[in-house]
>>> print(open('upload-v9.pdb').read())   # PDB, C-alpha atoms
ATOM      1  CA  MET P 241      -5.310  37.789 -64.749
ATOM      2  CA  ILE P 242      -6.154  40.904 -66.744
ATOM      3  CA  GLU P 243      -9.610  42.095 -67.727
ATOM      4  CA  PHE P 244     -10.477  44.998 -70.031
ATOM      5  CA  PHE P 245     -13.710  47.003 -69.879
ATOM      6  CA  LYS P 246     -14.882  50.135 -71.589
ATOM      7  CA  THR P 247     -17.834  52.483 -71.699
ATOM      8  CA  SER P 248     -18.554  53.063 -75.387
ATOM      9  CA  GLU P 249     -19.635  56.308 -77.022
ATOM     10  CA  ASN P 250     -23.319  55.442 -76.526
ATOM     11  CA  ASN P 251     -22.558  54.826 -72.816
ATOM     12  CA  THR P 252     -22.810  51.039 -73.114
ATOM     13  CA  PHE P 253     -20.547  49.165 -70.713
ATOM     14  CA  GLU P 254     -18.817  46.191 -72.314
ATOM     15  CA  SER P 255     -15.877  43.836 -72.009
ATOM     16  CA  ILE P 256     -13.096  44.233 -74.560
ATOM     17  CA  THR P 257      -9.981  42.234 -75.462
ATOM     18  CA  GLU P 258      -7.226  44.848 -75.660
ATOM     19  CA  ILE P 259      -6.041  48.163 -74.267
ATOM     20  CA  THR P 260      -7.810  51.153 -75.787
ATOM     21  CA  LYS P 261      -8.057  54.783 -74.766
ATOM     22  CA  GLY P 262     -10.570  55.351 -71.970
ATOM     23  CA  CYS P 263     -10.747  51.709 -70.911
ATOM     24  CA  TRP P 264     -10.570  50.149 -67.451
ATOM     25  CA  ILE P 265      -7.871  47.534 -66.875
ATOM     26  CA  ASN P 266      -8.555  45.251 -63.923
ATOM     27  CA  MET P 267      -5.473  43.276 -62.851
ATOM     28  CA  LEU P 268      -6.104  40.474 -60.363
ATOM     29  CA  SER P 269      -2.899  38.993 -58.937
ATOM     30  CA  PRO P 270      -1.046  39.593 -62.246
ATOM     31  CA  ASN P 271       2.181  37.805 -63.102
ATOM     32  CA  ALA P 272       5.419  39.517 -64.125
ATOM     33  CA  GLU P 273       4.661  39.234 -67.854
ATOM     34  CA  GLU P 274       1.260  40.886 -67.483
ATOM     35  CA  ILE P 275       2.770  43.693 -65.427
ATOM     36  CA  ARG P 276       5.476  44.323 -68.032
ATOM     37  CA  LEU P 277       2.862  44.371 -70.798
ATOM     38  CA  VAL P 278       0.712  47.075 -69.205
ATOM     39  CA  SER P 279       3.715  49.004 -67.853
ATOM     40  CA  SER P 280       5.445  49.277 -71.246
ATOM     41  CA  ARG P 281       2.222  49.942 -73.150
ATOM     42  CA  LEU P 282       1.104  52.823 -70.904
ATOM     43  CA  ASN P 283       4.527  53.989 -69.643
ATOM     44  CA  ILE P 284       3.703  53.314 -65.989
ATOM     45  CA  PRO P 285       6.473  52.547 -63.438
ATOM     46  CA  VAL P 286       6.605  48.845 -62.543
ATOM     47  CA  ASP P 287       6.856  49.778 -58.866
ATOM     48  CA  PHE P 288       3.295  51.103 -59.015
ATOM     49  CA  PHE P 289       2.055  47.573 -59.675
ATOM     50  CA  LYS P 290       4.394  45.861 -57.231
ATOM     51  CA  ASP P 291       3.477  48.244 -54.401
ATOM     52  CA  ALA P 292      -0.225  47.570 -54.916
ATOM     53  CA  LEU P 293       0.428  43.812 -54.747
ATOM     54  CA  ASP P 294       2.246  44.040 -51.402
ATOM     55  CA  ASP P 295      -0.270  42.967 -48.752
ATOM     56  CA  GLU P 296       1.644  44.988 -46.146
ATOM     57  CA  GLU P 297       1.762  48.191 -48.203
ATOM     58  CA  ARG P 298       0.486  51.308 -46.441
ATOM     59  CA  SER P 299      -2.251  53.487 -47.893
ATOM     60  CA  ARG P 300      -0.926  56.473 -49.814
ATOM     61  CA  ILE P 301      -1.209  58.640 -52.934
ATOM     62  CA  GLU P 302       1.690  59.649 -55.166
ATOM     63  CA  LYS P 303       2.273  61.063 -58.636
ATOM     64  CA  GLU P 304       5.083  60.254 -61.060
ATOM     65  CA  ASP P 305       5.461  61.158 -64.750
ATOM     66  CA  GLY P 306       1.801  62.090 -65.021
ATOM     67  CA  ASN P 307       0.650  58.802 -63.481
ATOM     68  CA  VAL P 308      -1.205  58.905 -60.169
ATOM     69  CA  LEU P 309      -1.128  55.922 -57.798
ATOM     70  CA  ILE P 310      -3.728  55.597 -55.056
ATOM     71  CA  ILE P 311      -3.371  52.702 -52.606
ATOM     72  CA  VAL P 312      -6.068  52.087 -50.000
ATOM     73  CA  ASP P 313      -7.139  49.081 -47.949
ATOM     74  CA  PHE P 314     -10.408  47.328 -48.688
ATOM     75  CA  PRO P 315     -12.204  44.804 -46.448
ATOM     76  CA  TYR P 316     -12.717  41.156 -47.337
ATOM     77  CA  ILE P 317     -13.980  38.026 -45.611
ATOM     78  CA  THR P 318     -12.122  34.755 -45.084
ATOM     79  CA  HIS P 319     -13.034  31.731 -42.960
ATOM     80  CA  ASP P 320     -11.073  29.779 -40.384
ATOM     81  CA  GLU P 321     -10.893  25.990 -40.139
ATOM     82  CA  ALA P 322     -14.199  25.862 -38.249
ATOM     83  CA  GLY P 323     -15.917  27.956 -40.932
ATOM     84  CA  PHE P 324     -16.182  31.081 -38.781
ATOM     85  CA  PRO P 325     -15.887  34.297 -40.853
ATOM     86  CA  ILE P 326     -12.783  36.421 -40.326
ATOM     87  CA  TYR P 327     -12.740  40.035 -41.497
ATOM     88  CA  GLU P 328      -9.409  41.350 -42.778
ATOM     89  CA  THR P 329      -8.096  44.101 -45.043
ATOM     90  CA  ILE P 330      -5.803  44.115 -48.062
ATOM     91  CA  PRO P 331      -4.502  46.899 -50.344
ATOM     92  CA  ILE P 332      -5.963  47.785 -53.710
ATOM     93  CA  GLY P 333      -4.121  50.024 -56.134
ATOM     94  CA  MET P 334      -5.733  52.490 -58.523
ATOM     95  CA  ILE P 335      -3.521  53.928 -61.240
ATOM     96  CA  ILE P 336      -4.803  56.921 -63.177
ATOM     97  CA  ASN P 337      -3.084  57.221 -66.539
ATOM     98  CA  ASP P 338      -3.685  59.672 -69.392
ATOM     99  CA  GLU P 339      -5.169  56.838 -71.447
ATOM    100  CA  CYS P 340      -6.579  54.283 -69.004
ATOM    101  CA  PHE P 341      -7.680  53.548 -65.479
ATOM    102  CA  ILE P 342      -6.045  50.525 -63.842
ATOM    103  CA  THR P 343      -6.981  48.617 -60.691
ATOM    104  CA  VAL P 344      -4.513  46.169 -59.139
ATOM    105  CA  SER P 345      -5.272  43.763 -56.289
ATOM    106  CA  LEU P 346      -4.238  40.390 -54.920
ATOM    107  CA  LYS P 347      -7.752  39.083 -54.290
ATOM    108  CA  GLU P 348     -11.105  39.183 -56.008
ATOM    109  CA  THR P 349     -13.475  41.603 -54.327
ATOM    110  CA  PRO P 350     -17.218  42.211 -54.613
ATOM    111  CA  ILE P 351     -16.385  45.921 -54.605
ATOM    112  CA  LEU P 352     -15.089  45.748 -58.182
ATOM    113  CA  SER P 353     -17.729  43.169 -59.106
ATOM    114  CA  ASP P 354     -20.347  45.888 -58.634
ATOM    115  CA  PHE P 355     -18.584  47.930 -61.313
ATOM    116  CA  LYS P 356     -18.026  44.959 -63.643
ATOM    117  CA  ASN P 357     -21.725  44.172 -63.430
ATOM    118  CA  ASN P 358     -22.513  47.851 -64.105
ATOM    119  CA  LYS P 359     -24.464  48.252 -60.853
ATOM    120  CA  ILE P 360     -22.995  51.662 -59.978
ATOM    121  CA  LYS P 361     -25.014  54.674 -61.042
ATOM    122  CA  GLY P 362     -23.150  57.273 -63.117
ATOM    123  CA  PHE P 363     -20.148  54.998 -63.752
ATOM    124  CA  PHE P 364     -18.060  55.587 -66.882
ATOM    125  CA  THR P 365     -14.598  54.114 -67.475
ATOM    126  CA  TYR P 366     -13.337  57.268 -69.228
ATOM    127  CA  LYS P 367     -14.171  59.474 -66.219
ATOM    128  CA  LYS P 368     -11.093  58.293 -64.368
ATOM    129  CA  THR P 369     -11.133  60.651 -61.361
ATOM    130  CA  ARG P 370     -14.848  60.034 -60.811
ATOM    131  CA  PHE P 371     -14.226  56.271 -61.166
ATOM    132  CA  ALA P 372     -11.552  56.352 -58.435
ATOM    133  CA  LEU P 373     -13.817  58.310 -56.096
ATOM    134  CA  GLN P 374     -16.692  55.909 -56.750
ATOM    135  CA  ILE P 375     -14.457  52.953 -55.823
ATOM    136  CA  LEU P 376     -13.427  54.733 -52.622
ATOM    137  CA  PHE P 377     -17.083  55.395 -51.790
ATOM    138  CA  VAL P 378     -18.033  51.734 -52.334
ATOM    139  CA  ILE P 379     -15.070  50.627 -50.200
ATOM    140  CA  SER P 380     -16.289  52.833 -47.334
ATOM    141  CA  SER P 381     -19.801  51.424 -47.790
ATOM    142  CA  TYR P 382     -18.473  47.873 -47.539
ATOM    143  CA  TYR P 383     -16.622  48.763 -44.344
ATOM    144  CA  LEU P 384     -19.931  49.950 -42.869
ATOM    145  CA  ARG P 385     -21.705  46.811 -44.102
ATOM    146  CA  TYR P 386     -19.097  44.478 -42.571
ATOM    147  CA  LEU P 387     -19.075  46.468 -39.329
ATOM    148  CA  LYS P 388     -22.818  45.876 -39.009
ATOM    149  CA  GLN P 389     -22.209  42.158 -39.611
ATOM    150  CA  ILE P 390     -19.551  42.150 -36.879
ATOM    151  CA  ASN P 391     -21.963  43.861 -34.504
ATOM    152  CA  LYS P 392     -24.639  41.254 -35.317
ATOM    153  CA  LYS P 393     -22.237  38.375 -34.676
ATOM    154  CA  THR P 394     -21.228  40.033 -31.406
ATOM    155  CA  ASP P 395     -24.868  40.045 -30.288
ATOM    156  CA  GLU P 396     -25.236  36.372 -31.259
ATOM    157  CA  ALA P 397     -22.111  35.406 -29.311
ATOM    158  CA  GLU P 398     -23.348  37.426 -26.329
ATOM    159  CA  ARG P 399     -26.649  35.512 -26.243
ATOM    160  CA  GLU P 400     -24.806  32.198 -26.378
ATOM    161  CA  LEU P 401     -22.386  33.289 -23.685
ATOM    162  CA  HIS P 402     -25.234  34.044 -21.273
ATOM    163  CA  GLN P 403     -25.938  30.317 -21.182
ATOM    164  CA  SER P 404     -22.435  28.950 -21.552
ATOM    165  CA  MET P 405     -19.254  28.653 -19.524
ATOM    166  CA  LYS P 406     -17.091  27.503 -22.434
ATOM    167  CA  ASN P 407     -14.250  29.395 -24.102
ATOM    168  CA  LYS P 408     -15.733  29.145 -27.613
ATOM    169  CA  GLU P 409     -17.673  32.400 -27.351
ATOM    170  CA  LEU P 410     -14.674  34.224 -25.887
ATOM    171  CA  TYR P 411     -12.597  33.039 -28.853
ATOM    172  CA  THR P 412     -15.339  34.430 -31.097
ATOM    173  CA  PHE P 413     -15.086  37.780 -29.331
ATOM    174  CA  LEU P 414     -11.310  37.703 -29.693
ATOM    175  CA  SER P 415     -11.570  37.053 -33.442
ATOM    176  CA  LEU P 416     -14.087  39.875 -33.902
ATOM    177  CA  GLU P 417     -11.960  42.271 -31.862
ATOM    178  CA  LYS P 418      -8.969  41.398 -34.068
ATOM    179  CA  SER P 419     -11.064  42.205 -37.148
ATOM    180  CA  LEU P 420     -12.050  45.559 -35.659
ATOM    181  CA  VAL P 421      -8.387  46.400 -35.048
ATOM    182  CA  TYR P 422      -7.630  45.657 -38.725
ATOM    183  CA  PHE P 423     -10.575  47.793 -39.809
ATOM    184  CA  THR P 424      -9.702  50.727 -37.552
ATOM    185  CA  THR P 425      -6.064  50.784 -38.672
ATOM    186  CA  SER P 426      -6.953  50.578 -42.373
ATOM    187  CA  LEU P 427      -9.748  53.149 -42.147
ATOM    188  CA  LYS P 428      -7.491  55.683 -40.457
ATOM    189  CA  SER P 429      -4.835  55.148 -43.139
ATOM    190  CA  ASN P 430      -7.475  55.570 -45.854
ATOM    191  CA  LYS P 431      -8.632  58.780 -44.207
ATOM    192  CA  ILE P 432      -5.164  60.285 -44.539
ATOM    193  CA  VAL P 433      -5.167  59.463 -48.265
ATOM    194  CA  LEU P 434      -8.628  60.978 -48.754
ATOM    195  CA  GLU P 435      -7.618  64.175 -46.984
ATOM    196  CA  LYS P 436      -4.501  64.425 -49.160
ATOM    197  CA  MET P 437      -6.624  63.980 -52.276
ATOM    198  CA  LEU P 438      -8.780  66.878 -51.146
ATOM    199  CA  ARG P 439      -5.789  69.037 -50.259
ATOM    200  CA  LEU P 440      -3.344  68.247 -53.088
ATOM    201  CA  ASN P 441      -3.778  68.768 -56.820
ATOM    202  CA  HIS P 442      -2.748  65.306 -57.989
ATOM    203  CA  LEU P 443      -6.147  64.767 -59.595
ATOM    204  CA  LYS P 444      -8.206  67.066 -61.751
ATOM    205  CA  MET P 445     -11.583  67.355 -60.038
ATOM    206  CA  TYR P 446     -14.761  69.162 -60.964
ATOM    207  CA  GLU P 447     -17.175  70.493 -58.367
ATOM    208  CA  GLU P 448     -19.214  67.274 -58.471
ATOM    209  CA  ASP P 449     -16.047  65.256 -57.893
ATOM    210  CA  LYS P 450     -15.161  67.334 -54.834
ATOM    211  CA  GLU P 451     -18.642  66.795 -53.435
ATOM    212  CA  LEU P 452     -18.285  63.045 -54.003
ATOM    213  CA  LEU P 453     -14.886  63.073 -52.274
ATOM    214  CA  GLU P 454     -16.398  64.879 -49.304
ATOM    215  CA  ASP P 455     -19.113  62.200 -49.166
ATOM    216  CA  VAL P 456     -16.404  59.521 -49.187
ATOM    217  CA  ILE P 457     -14.620  61.244 -46.294
ATOM    218  CA  ILE P 458     -17.890  61.389 -44.334
ATOM    219  CA  GLU P 459     -18.551  57.669 -44.951
ATOM    220  CA  ASN P 460     -14.989  56.802 -43.971
ATOM    221  CA  THR P 461     -15.190  58.900 -40.804
ATOM    222  CA  GLN P 462     -18.468  57.247 -39.857
ATOM    223  CA  ALA P 463     -16.875  53.820 -40.352
ATOM    224  CA  ILE P 464     -13.948  54.821 -38.101
ATOM    225  CA  GLU P 465     -16.330  55.956 -35.369
ATOM    226  CA  MET P 466     -18.358  52.743 -35.646
ATOM    227  CA  ALA P 467     -15.225  50.589 -35.520
ATOM    228  CA  ASP P 468     -13.915  52.452 -32.459
ATOM    229  CA  THR P 469     -17.296  52.168 -30.718
ATOM    230  CA  TYR P 470     -17.717  48.464 -31.460
ATOM    231  CA  SER P 471     -14.128  47.785 -30.415
ATOM    232  CA  SER P 472     -14.644  49.518 -27.052
ATOM    233  CA  ILE P 473     -17.919  47.681 -26.463
ATOM    234  CA  LEU P 474     -16.394  44.339 -27.445
ATOM    235  CA  SER P 475     -13.367  44.848 -25.209
ATOM    236  CA  GLY P 476     -15.601  45.695 -22.242
ATOM    237  CA  MET P 477     -17.850  42.713 -22.955
ATOM    238  CA  MET P 478     -14.881  40.347 -23.066
ATOM    239  CA  ASP P 479     -13.670  41.548 -19.671
ATOM    240  CA  ALA P 480     -17.169  41.371 -18.214
ATOM    241  CA  PHE P 481     -17.962  37.906 -19.511
ATOM    242  CA  ALA P 482     -14.552  36.575 -18.512
ATOM    243  CA  SER P 483     -15.411  37.675 -14.966
ATOM    244  CA  ILE P 484     -18.886  36.137 -15.277
ATOM    245  CA  ILE P 485     -17.487  32.806 -16.419
ATOM    246  CA  SER P 486     -14.994  32.835 -13.555
ATOM    247  CA  ASN P 487     -17.774  33.725 -11.103
ATOM    248  CA  ASN P 488     -20.031  30.961 -12.471
ATOM    249  CA  LEU P 489     -17.212  28.492 -12.025
ATOM    250  CA  ASN P 490     -16.737  29.636  -8.432
ATOM    251  CA  ILE P 491     -20.470  29.143  -7.781
ATOM    252  CA  VAL P 492     -20.324  25.602  -9.160
ATOM    253  CA  MET P 493     -17.246  24.795  -7.120
ATOM    254  CA  LYS P 494     -18.907  26.174  -3.973
ATOM    255  CA  PHE P 495     -22.005  24.068  -4.621
ATOM    256  CA  LEU P 496     -19.977  20.908  -5.209
ATOM    257  CA  THR P 497     -17.906  21.555  -2.082
ATOM    258  CA  SER P 498     -21.068  22.002  -0.025
ATOM    259  CA  ILE P 499     -22.520  18.734  -1.360
ATOM    260  CA  THR P 500     -19.253  16.960  -0.582
ATOM    261  CA  ILE P 501     -19.309  18.212   3.028
ATOM    262  CA  ILE P 502     -22.959  17.186   3.486
ATOM    263  CA  LEU P 503     -22.332  13.711   2.108
ATOM    264  CA  SER P 504     -19.245  13.277   4.260
ATOM    265  CA  PHE P 505     -21.309  13.024   7.513
ATOM    266  CA  PRO P 506     -23.047   9.703   6.655
ATOM    267  CA  THR P 507     -19.675   8.353   5.532
ATOM    268  CA  MET P 508     -18.010   9.536   8.748
ATOM    269  CA  VAL P 509     -20.737   8.075  11.032
ATOM    270  CA  ALA P 510     -20.721   4.781   9.126
ATOM    271  CA  SER P 511     -16.942   4.659   9.458
ATOM    272  CA  PHE P 512     -17.082   5.182  13.223
ATOM    273  CA  TYR P 513     -19.692   2.471  13.710
ATOM    274  CA  GLY P 514     -17.784   0.130  11.476
ATOM    275  CA  MET P 515     -14.877  -0.035  13.941
ATOM    276  CA  ASN P 516     -14.277  -3.342  15.720
ATOM    277  CA  VAL P 517     -14.556  -1.819  19.248
ATOM    278  CA  ALA P 518     -17.297  -1.382  21.838
ATOM    279  CA  LEU P 519     -19.839   1.207  20.570
ATOM    280  CA  PRO P 520     -23.071   2.740  21.934
ATOM    281  CA  PHE P 521     -26.278   0.908  20.977
ATOM    282  CA  GLU P 522     -24.334  -2.051  19.605
ATOM    283  CA  LYS P 523     -26.600  -4.466  21.535
ATOM    284  CA  SER P 524     -29.790  -2.695  20.468
ATOM    285  CA  PRO P 525     -31.858  -4.153  17.626
ATOM    286  CA  TYR P 526     -32.345  -0.545  16.400
ATOM    287  CA  ALA P 527     -28.615   0.227  16.212
ATOM    288  CA  PHE P 528     -28.641   0.581  12.406
ATOM    289  CA  VAL P 529     -31.726   2.825  12.394
ATOM    290  CA  ILE P 530     -30.325   4.988  15.200
ATOM    291  CA  THR P 531     -27.003   5.326  13.343
ATOM    292  CA  MET P 532     -28.657   6.266  10.064
ATOM    293  CA  CYS P 533     -30.958   8.757  11.748
ATOM    294  CA  PHE P 534     -27.980  10.387  13.428
ATOM    295  CA  ALA P 535     -26.140  10.654  10.089
ATOM    296  CA  VAL P 536     -29.210  12.123   8.386
ATOM    297  CA  PHE P 537     -29.640  14.571  11.267
ATOM    298  CA  LEU P 538     -26.069  15.835  10.902
ATOM    299  CA  SER P 539     -26.463  16.197   7.111
ATOM    300  CA  ALA P 540     -29.795  18.010   7.537
ATOM    301  CA  ILE P 541     -28.360  20.470  10.066
ATOM    302  CA  THR P 542     -25.399  21.158   7.769
ATOM    303  CA  THR P 543     -27.735  21.608   4.772
ATOM    304  CA  LEU P 544     -29.865  24.076   6.735
ATOM    305  CA  ILE P 545     -26.777  26.107   7.751
ATOM    306  CA  PHE P 546     -25.468  26.205   4.168
ATOM    307  CA  TRP P 547     -28.913  27.167   2.851
ATOM    308  CA  LYS P 548     -29.179  30.107   5.267
ATOM    309  CA  LYS P 549     -25.702  31.232   4.232
ATOM    310  CA  LYS P 550     -26.863  30.982   0.583
ATOM    311  CA  TYR P 551     -24.244  28.459  -0.417
ATOM    312  CA  PHE P 552     -26.832  26.866  -2.711
TER     313      PHE P 552
END
>>> encode(input="upload-v9.pdb", output="structure tokens")
Amino acid sequence: MIEFFKTSENNTFESITEITKGCWINMLSPNAEEIRLVSSRLNIPVDFFKDALDDEERSRIEKEDGNVLIIVDFPYITHDEAGFPIYETIPIGMIINDECFITVSLKETPILSDFKNNKIKGFFTYKKTRFALQILFVISSYYLRYLKQINKKTDEAERELHQSMKNKELYTFLSLEKSLVYFTTSLKSNKIVLEKMLRLNHLKMYEEDKELLEDVIIENTQAIEMADTYSSILSGMMDAFASIISNNLNIVMKFLTSITIILSFPTMVASFYGMNVALPFEKSPYAFVITMCFAVFLSAITTLIFWKKKYF
């Protein structure tokens, strides 16, 4: 799918139907015909589009024949079979051409929706370098937003785990830790690209653009630090709660074993007095009461010993 947008001369943002100078071309999972159309019209290497559509492509910036390709990873949310949210990352390509600005991605993202709905302050399609930096800033902001959501879900799982001995919450922790690994890896790759943009002269930047790029680097660095911190906390919590669950299970097993031992004395006494041999008190009319009292006495003594040893 291809969409065309343009900021007109009176700074009105609108959707258009064809490629014009200064427009924004948004390509969402384009087919081969759509790629050839834009590539031939703007003289952009086809590999630029194919690299951006590779979900395993690393973040990077390169320049060829006056065209600049920036590939970074952006975060998105999917859901597993149980409906639990899973946070992953996928590449997005930004191609800066003399005539147009092109974005290429495999999945729809709310990051670009903010631009399509004209919610970004100071956004103009013809200011291509500024547009790329604004996208990078919004991507970093979404990383921070999703990291806060991960932290919130970690707290919720922790509260549930305090009252549970099931594996469900540990699986939740494992899923969140996996998301944090994806985020950390992608953020560090994005940081390398941002530093190269600041160091190299692939893009023409004014002083305001450099300040915006520095803000993007700060946001990205903050996201990396948050991801590392949350990952360390989550890893420690998983180890701690795994030990707690194991300890709770041991307590339950100790309690059940103690109950089994206590209940075994009445069974043992009844078994002895059920033998078909001569037994004490067998002629007494109080034989049953004496037997039961003896069994209760043994169980009570055992219970008292276990209670003092804090087996309960």
>>> residues_around(input="upload-v9.pdb", residues="Glu258 in chain P", least_positions_apart="3", cutoff="9 Å", atoms="all atoms listed in the file", output="ChimeraX atom specification")
/P:243-245
>>> resolve_selection(input="upload-v9.pdb", expression="the PyMOL selection byres ((chain P and resi 278-293) around 9)", output="MDAnalysis selection string")
chainID P and resid 259 265 269:270 273:277 294:297 304:305 307 309:312 331:335 337:340 343:346
>>> closest_atom_pairs(input="upload-v9.pdb", of="range 343-404 of chain P", to="range 436-451 of chain P", cutoff="9 Å", atoms="only C-alpha atoms", output="tab-separated table")
residue	atom	partner	partner_atom	distance
P:Thr369	CA	P:Leu443	CA	6.7
P:Arg370	CA	P:Asp449	CA	6.1
P:Leu373	CA	P:Asp449	CA	7.5
>>> closest_residue(input="upload-v9.pdb", among="P:Tyr382, P:Ser475, P:Tyr327, P:Met532", to="Asp354 in chain P", atoms="only C-alpha atoms")
P:Tyr382
>>> closest_atom_pairs(input="upload-v9.pdb", of="range 254-364 of chain P", to="range 386-401 of chain P", cutoff="9 Å", atoms="only C-alpha atoms", output="tab-separated table")
residue	atom	partner	partner_atom	distance
P:Pro315	CA	P:Tyr386	CA	7.9
P:Tyr316	CA	P:Tyr386	CA	8.6
P:Ile317	CA	P:Tyr386	CA	8.8
P:Tyr327	CA	P:Tyr386	CA	7.8
>>> closest_residue(input="upload-v9.pdb", among="P:Phe534, P:Trp547, P:Tyr470, P:Tyr383", to="Asn430 in chain P", atoms="only C-alpha atoms")
P:Tyr383
>>> atom_distance(input="upload-v9.pdb", atom1="CA of Ile499 in chain P", atom2="CA of Ala527 in chain P")
26.2 Å
>>> atom_distance(input="upload-v9.pdb", atom1="CA of Thr542 in chain P", atom2="CA of Ile491 in chain P")
18.2 Å
>>> atom_distance(input="upload-v9.pdb", atom1="CA of Asp313 in chain P", atom2="CA of Phe423 in chain P")
8.9 Å
>>> closest_residue(input="upload-v9.pdb", among="P:Gly262, P:Ile242, P:Phe371, P:Ile457", to="Glu348 in chain P", atoms="all atoms listed in the file")
P:Ile242
>>> resolve_selection(input="upload-v9.pdb", expression="the PyMOL selection byres ((chain P and resi 429) around 8)", output="list in words")
Arg298, Ser299, Arg300, Val312, Thr425, Ser426, Leu427, Lys428, Asn430, Lys431, Ile432 and Val433 of chain P
>>> closest_residue(input="upload-v9.pdb", among="P:Leu503, P:Leu384, P:Val421, P:Ala480", to="Gln462 in chain P", atoms="only C-alpha atoms")
P:Leu384
>>> residues_around(input="upload-v9.pdb", residues="Phe314 in chain P", least_positions_apart="5", cutoff="6 Å", atoms="all atoms listed in the file", output="MDAnalysis selection string")
chainID P and resid 329:330 379
>>> write_last_selection(input="upload-v9.pdb", atoms="C-alpha atoms", output="PDB file, in the coordinates of the input")
ATOM      1  CA  THR P 329      -8.096  44.101 -45.043  1.00  0.00           C
ATOM      2  CA  ILE P 330      -5.803  44.115 -48.062  1.00  0.00           C
ATOM      3  CA  ILE P 379     -15.070  50.627 -50.200  1.00  0.00           C
TER       4      ILE P 379
END
>>> resolve_selection(input="upload-v9.pdb", expression="the PyMOL selection byres ((chain P and resi 325) around 10)", output="list in words")
Tyr316, Ile317, Thr318, His319, Asp320, Glu321, Ala322, Gly323, Phe324, Ile326, Tyr327, Glu328, Ile390, Lys393, Thr412, Ser415, Leu416 and Ser419 of chain P
>>> residues_around(input="upload-v9.pdb", residues="Ser498 in chain P", least_positions_apart="3", cutoff="9 Å", atoms="only C-alpha atoms", output="PyMOL selection string")
chain P and resi 493-495+501-503+542-543+546+551-552
